$ cat data.cif   # mmCIF, C-alpha atoms
data_query
#
loop_
_atom_site.label_atom_id
_atom_site.label_comp_id
_atom_site.auth_asym_id
_atom_site.auth_seq_id
_atom_site.Cartn_x
_atom_site.Cartn_y
_atom_site.Cartn_z
CA MET X 8 143.10 -60.51 -148.66
CA ARG X 9 144.90 -63.46 -147.11
CA LEU X 10 144.53 -63.64 -143.33
CA THR X 11 147.91 -65.30 -142.98
CA GLY X 12 149.49 -62.04 -144.15
CA HIS X 13 147.80 -60.13 -141.31
CA PRO X 14 148.64 -61.96 -138.05
CA ASP X 15 146.97 -59.39 -135.76
CA LEU X 16 143.66 -59.63 -137.63
CA LEU X 17 143.89 -63.43 -137.73
CA ASP X 18 144.56 -63.58 -133.98
CA ARG X 19 141.57 -61.34 -133.24
CA LEU X 20 139.21 -63.32 -135.49
CA ALA X 21 140.42 -66.60 -133.98
CA ALA X 22 139.78 -65.25 -130.47
CA GLN X 23 136.26 -64.14 -131.39
CA TYR X 24 135.59 -67.55 -133.01
CA ALA X 25 136.77 -69.42 -129.88
CA LEU X 26 134.64 -67.18 -127.65
CA GLY X 27 131.58 -67.79 -129.84
CA VAL X 28 131.01 -64.10 -130.63
CA LEU X 29 131.90 -64.43 -134.33
CA ARG X 30 128.65 -65.26 -136.11
CA GLY X 31 126.98 -65.50 -139.48
CA GLY X 32 128.92 -65.32 -142.71
CA ALA X 33 132.15 -64.25 -140.98
CA ARG X 34 132.17 -67.42 -138.88
CA ARG X 35 131.46 -69.65 -141.89
CA ARG X 36 134.23 -67.99 -143.93
CA LEU X 37 136.72 -68.50 -141.09
CA GLU X 38 135.72 -72.17 -140.78
CA ARG X 39 136.23 -72.63 -144.52
CA LEU X 40 139.67 -71.01 -144.32
CA ALA X 41 140.54 -73.22 -141.33
CA HIS X 42 139.95 -76.30 -143.49
CA GLU X 43 142.13 -74.88 -146.26
CA GLU X 44 144.99 -73.19 -144.36
CA THR X 45 146.97 -74.69 -141.51
CA ALA X 46 147.90 -71.31 -140.01
CA VAL X 47 144.24 -70.32 -139.60
CA ARG X 48 143.37 -73.64 -138.01
CA ALA X 49 146.35 -73.38 -135.63
CA ALA X 50 145.31 -69.86 -134.52
CA ILE X 51 141.81 -71.08 -133.65
CA GLU X 52 143.15 -74.09 -131.77
CA ARG X 53 145.50 -71.87 -129.73
CA TRP X 54 142.61 -69.69 -128.57
CA GLN X 55 140.40 -72.69 -127.84
CA ALA X 56 143.17 -74.12 -125.65
CA ARG X 57 143.52 -70.79 -123.81
CA LEU X 58 139.81 -70.56 -123.08
CA THR X 59 139.37 -74.17 -121.98
CA GLY X 60 139.35 -73.26 -118.27
CA LEU X 61 136.88 -70.36 -118.52
CA ALA X 62 133.87 -72.63 -117.94
CA GLU X 63 135.33 -73.60 -114.56
CA LEU X 64 135.03 -69.96 -113.43
CA GLN X 65 131.24 -69.94 -113.75
CA PRO X 66 129.12 -70.79 -110.66
CA ALA X 67 127.66 -74.30 -110.64
CA ALA X 68 123.91 -74.71 -111.15
CA GLN X 69 121.97 -77.50 -109.43
CA PRO X 70 119.36 -79.09 -111.73
CA VAL X 71 115.89 -79.73 -110.34
CA ASP X 72 114.91 -83.23 -109.18
CA LYS X 73 112.62 -83.74 -112.17
CA VAL X 74 115.56 -83.41 -114.58
CA TRP X 75 117.67 -85.92 -112.61
CA CYS X 76 114.77 -88.39 -112.50
CA GLY X 77 114.34 -88.15 -116.28
CA ILE X 78 118.06 -88.79 -116.86
CA GLU X 79 118.11 -91.78 -114.50
CA GLN X 80 115.02 -93.29 -116.15
CA ARG X 81 116.54 -92.98 -119.65
CA LEU X 82 119.77 -94.61 -118.40
CA GLY X 83 117.81 -97.48 -116.82
CA TRP X 84 118.90 -96.58 -113.27
CA GLN X 85 115.34 -95.96 -112.15
CA ALA X 86 112.07 -97.58 -113.07
CA ALA X 87 109.70 -95.46 -115.12
CA PRO X 88 106.55 -94.40 -113.27
CA LEU X 89 103.58 -96.71 -113.70
CA LYS X 90 101.05 -95.58 -116.26
CA LEU X 91 97.59 -95.87 -114.80
CA LYS X 92 94.78 -96.99 -117.00
CA PRO X 93 92.51 -94.14 -118.01
CA PRO X 94 89.13 -94.13 -116.32
CA PRO X 95 86.14 -95.32 -118.35
CA PRO X 96 84.50 -92.65 -120.47
CA ARG X 97 81.91 -90.58 -118.68
CA HIS X 98 78.57 -89.57 -120.12
CA TRP X 99 77.70 -85.98 -120.63
CA TRP X 100 75.17 -85.91 -117.79
CA GLN X 101 77.83 -87.14 -115.34
CA ALA X 102 80.15 -84.32 -116.35
CA PHE X 103 77.26 -81.89 -115.95
CA GLN X 104 76.60 -83.12 -112.40
CA ASP X 105 80.25 -82.69 -111.42
CA ALA X 106 80.62 -79.22 -112.96
CA PRO X 107 81.07 -77.36 -109.60
CA VAL X 108 83.90 -79.70 -108.58
CA LEU X 109 85.63 -79.27 -111.94
CA LEU X 110 85.35 -75.50 -111.68
CA ARG X 111 86.99 -75.54 -108.25
CA MET X 112 89.78 -77.76 -109.50
CA ALA X 113 90.35 -75.52 -112.52
CA SER X 114 90.50 -72.42 -110.31
CA ALA X 115 93.06 -74.05 -108.03
CA ALA X 116 95.16 -75.12 -111.01
CA LEU X 117 95.09 -71.62 -112.50
CA ALA X 118 96.14 -70.11 -109.16
CA LEU X 119 99.00 -72.58 -108.89
CA LEU X 120 100.15 -71.77 -112.42
CA ALA X 121 100.04 -68.05 -111.64
CA LEU X 122 102.20 -68.52 -108.54
CA MET X 123 104.67 -70.63 -110.53
CA ALA X 124 104.84 -67.96 -113.25
CA VAL X 125 105.59 -65.25 -110.67
CA GLY X 126 108.29 -67.42 -109.09
CA VAL X 127 109.95 -68.18 -112.41
CA SER X 128 109.85 -64.51 -113.45
CA GLN X 129 111.45 -63.45 -110.17
CA TRP X 130 114.12 -66.13 -110.55
CA LEU X 131 114.96 -64.89 -114.07
CA VAL X 132 115.19 -61.29 -112.81
CA ASN X 133 117.54 -62.35 -110.01
CA GLN X 134 119.70 -64.29 -112.46
CA ARG X 135 120.01 -61.27 -114.76
CA GLU X 136 120.86 -58.99 -111.83
CA GLN X 137 123.52 -61.35 -110.47
CA ALA X 138 125.19 -62.17 -113.80
CA PRO X 139 127.65 -59.47 -114.97
CA THR X 140 127.22 -58.13 -118.50
CA MET X 141 130.35 -59.02 -120.42
CA SER X 142 131.21 -56.26 -122.90
CA ALA X 143 134.82 -57.28 -123.47
CA VAL X 144 137.23 -59.97 -122.38
CA ALA X 145 141.00 -60.27 -122.31
CA ILE X 146 143.19 -63.30 -121.61
CA LEU X 147 146.57 -62.17 -120.29
CA ASN X 148 149.44 -64.62 -120.76
CA ASP X 149 152.69 -65.05 -118.89
CA ASP X 150 156.14 -65.01 -120.47
CA GLN X 151 155.64 -68.64 -121.57
CA ALA X 152 152.38 -67.83 -123.43
CA ARG X 153 150.27 -69.60 -120.78
CA PRO X 154 146.88 -68.07 -119.79
CA ALA X 155 147.41 -66.39 -116.44
CA VAL X 156 144.66 -63.78 -115.95
CA VAL X 157 141.08 -63.35 -117.21
CA VAL X 158 139.79 -59.75 -117.39
CA LEU X 159 136.04 -59.16 -117.89
CA TRP X 160 134.67 -55.67 -118.66
CA ASP X 161 131.10 -54.91 -117.49
CA ALA X 162 130.10 -51.74 -119.38
CA PRO X 163 126.77 -50.94 -117.61
CA ALA X 164 128.45 -51.16 -114.19
CA SER X 165 131.73 -49.52 -115.35
CA THR X 166 133.71 -52.25 -113.60
CA VAL X 167 136.47 -54.65 -114.52
CA THR X 168 136.65 -58.09 -112.91
CA VAL X 169 140.15 -59.57 -112.73
CA ARG X 170 140.49 -63.32 -112.08
CA ARG X 171 143.98 -64.71 -111.66
CA LEU X 172 144.81 -68.25 -112.77
CA ASP X 173 148.56 -67.94 -112.10
CA HIS X 174 150.70 -69.04 -109.19
CA LEU X 175 152.99 -66.00 -109.15
CA LYS X 176 154.63 -65.46 -105.76
CA LEU X 177 154.99 -61.85 -104.62
CA ALA X 178 157.24 -60.40 -101.93
CA ASP X 179 155.71 -58.67 -98.91
CA GLN X 180 156.12 -55.21 -100.45
CA GLN X 181 154.89 -56.12 -103.94
CA VAL X 182 151.42 -55.78 -105.51
CA LEU X 183 149.98 -56.18 -109.01
CA GLN X 184 148.64 -53.28 -111.11
CA LEU X 185 146.42 -53.43 -114.22
CA TRP X 186 147.28 -51.24 -117.23
CA ALA X 187 145.53 -50.28 -120.48
CA LEU X 188 147.90 -50.15 -123.46
CA PRO X 189 146.51 -47.62 -126.00
CA GLU X 190 147.82 -47.35 -129.54
CA GLY X 191 150.82 -45.01 -129.63
CA GLY X 192 150.34 -43.68 -126.08
CA LYS X 193 151.58 -44.20 -122.54
CA PRO X 194 150.17 -47.07 -120.45
CA GLN X 195 147.20 -45.94 -118.36
CA SER X 196 146.45 -47.46 -114.97
CA LEU X 197 143.07 -49.19 -114.53
CA GLY X 198 143.69 -49.85 -110.85
CA VAL X 199 145.77 -51.74 -108.31
CA ILE X 200 144.89 -55.44 -108.05
CA GLY X 201 146.96 -55.95 -104.94
CA ARG X 202 147.70 -59.56 -104.02
CA ARG X 203 144.17 -60.95 -104.40
CA HIS X 204 143.25 -63.62 -106.95
CA GLU X 205 139.90 -62.04 -107.82
CA VAL X 206 139.01 -58.37 -107.59
CA ARG X 207 136.49 -55.97 -109.16
CA LEU X 208 137.75 -52.51 -110.04
CA GLU X 209 135.76 -49.40 -110.90
CA VAL X 210 137.18 -47.88 -114.08
CA LYS X 211 136.51 -44.67 -116.01
CA ARG X 212 138.05 -45.75 -119.32
CA ALA X 213 136.45 -48.66 -121.16
CA PRO X 214 138.97 -51.49 -121.72
CA ASP X 215 137.31 -52.31 -125.04
CA SER X 216 138.58 -48.97 -126.39
CA VAL X 217 142.20 -50.13 -126.13
CA PRO X 218 143.78 -53.05 -127.99
CA ALA X 219 145.66 -54.68 -125.10
CA LEU X 220 146.07 -54.89 -121.31
CA ALA X 221 149.04 -55.67 -119.10
CA ILE X 222 149.83 -56.33 -115.43
CA SER X 223 153.03 -55.27 -113.70
CA ILE X 224 154.62 -55.79 -110.28
CA GLU X 225 154.65 -52.55 -108.30
CA PRO X 226 155.26 -51.27 -104.74
CA PRO X 227 152.24 -50.91 -102.40
CA GLY X 228 149.88 -48.26 -103.72
CA GLY X 229 150.88 -48.71 -107.34
CA SER X 230 153.52 -47.37 -109.69
CA PRO X 231 155.05 -44.03 -108.63
CA SER X 232 155.95 -43.26 -112.25
CA PRO X 233 153.54 -41.07 -114.30
CA ASP X 234 154.79 -42.75 -117.49
CA GLY X 235 153.56 -46.25 -116.68
CA PRO X 236 154.85 -49.36 -114.88
CA SER X 237 157.90 -48.96 -112.67
CA GLY X 238 158.33 -52.71 -112.19
CA PRO X 239 158.43 -55.69 -114.54
CA VAL X 240 155.41 -56.50 -116.73
CA VAL X 241 154.51 -60.12 -115.96
CA PHE X 242 151.23 -60.62 -117.89
CA GLN X 243 149.81 -59.11 -121.08
CA GLY X 244 147.25 -59.87 -123.76
CA ARG X 245 144.85 -58.45 -126.33
CA VAL X 246 141.26 -57.28 -125.71
CA VAL X 247 138.43 -58.96 -127.58
CA ALA X 248 135.28 -56.79 -127.71
CA GLN X 249 131.81 -58.29 -127.42
CA PRO X 250 129.74 -57.18 -130.43
CA ALA X 251 126.58 -55.18 -129.81
#

$ encode --input "data.cif" --output "structure tokens"
Amino acid sequence: MRLTGHPDLLDRLAAQYALGVLRGGARRRLERLAHEETAVRAAIERWQARLTGLAELQPAAQPVDKVWCGIEQRLGWQAAPLKLKPPPPRHWWQAFQDAPVLLRMASAALALLALMAVGVSQWLVNQREQAPTMSAVAILNDDQARPAVVVLWDAPASTVTVRRLDHLKLADQQVLQLWALPEGGKPQSLGVIGRRHEVRLEVKRAPDSVPALAISIEPPGGSPSPDGPSGPVVFQGRVVAQPA
């Protein structure tokens, strides 16, 4: 089967490749096709360009001082610490005489290591609790195919995080509404975004069960129509599921 004859499948595989969720033999086959076929390579490059700004959405992490010192020393910006000469070898009877002191030092070192292990474990737990679990992602584009909205689906929390990258200006009586676009069915509302540039919505239907999402301009409170958007659809894009 030639991927170029199936544009929807090619677009989905290219999106998964750019996100880094396409692994193993499937990833290697797509890379081989990208070297052989221009259309496959162009699809991957389009998705990589769309996702370029995603890293800027992640919170910054401050490295510890030890890491910075190591970098500065390797770059020659800071002198390496002086290496002290090792003490002369001690005889076995000297070590025997100092045994109580060594035992106290070893106990203190073990206690310090235990405290450090507890601190690191707690830090890892906090990081896992604060970081949302991404089960699916969608990049919604505007009418000029520019990335405008990032939608992240957190399955364990049953929430959708919407982050706007656009500069769309809304009137006083206009809000944005997020829609799921199922195959062969009516659009289903996932919630009213309002006018905010980042919002988390509680949803009952998993966005990774639908192929695409859209955002429309609606009156305050959302669309009054039971059939879907009542205003213009300004952003839309496909959903890429995170593999289990």

$ closest_residue --input "data.cif" --among "X:Asn148, X:Gln181, X:Thr166, X:Ser196" --to "X:Arg57" --atoms "all atoms listed in the file"
X:Asn148

$ atom_distance --input "data.cif" --atom1 "atom CA of X:Ala25" --atom2 "atom CA of X:Val247"
10.8 Å

$ atom_distance --input "data.cif" --atom1 "atom CA of X:Glu43" --atom2 "atom CA of X:Leu147"
29.3 Å

$ closest_residue --input "data.cif" --among "X:Gln151, X:Thr45, X:Gln184, X:Gln80" --to "X:Ile224" --atoms "all atoms listed in the file"
X:Gln184
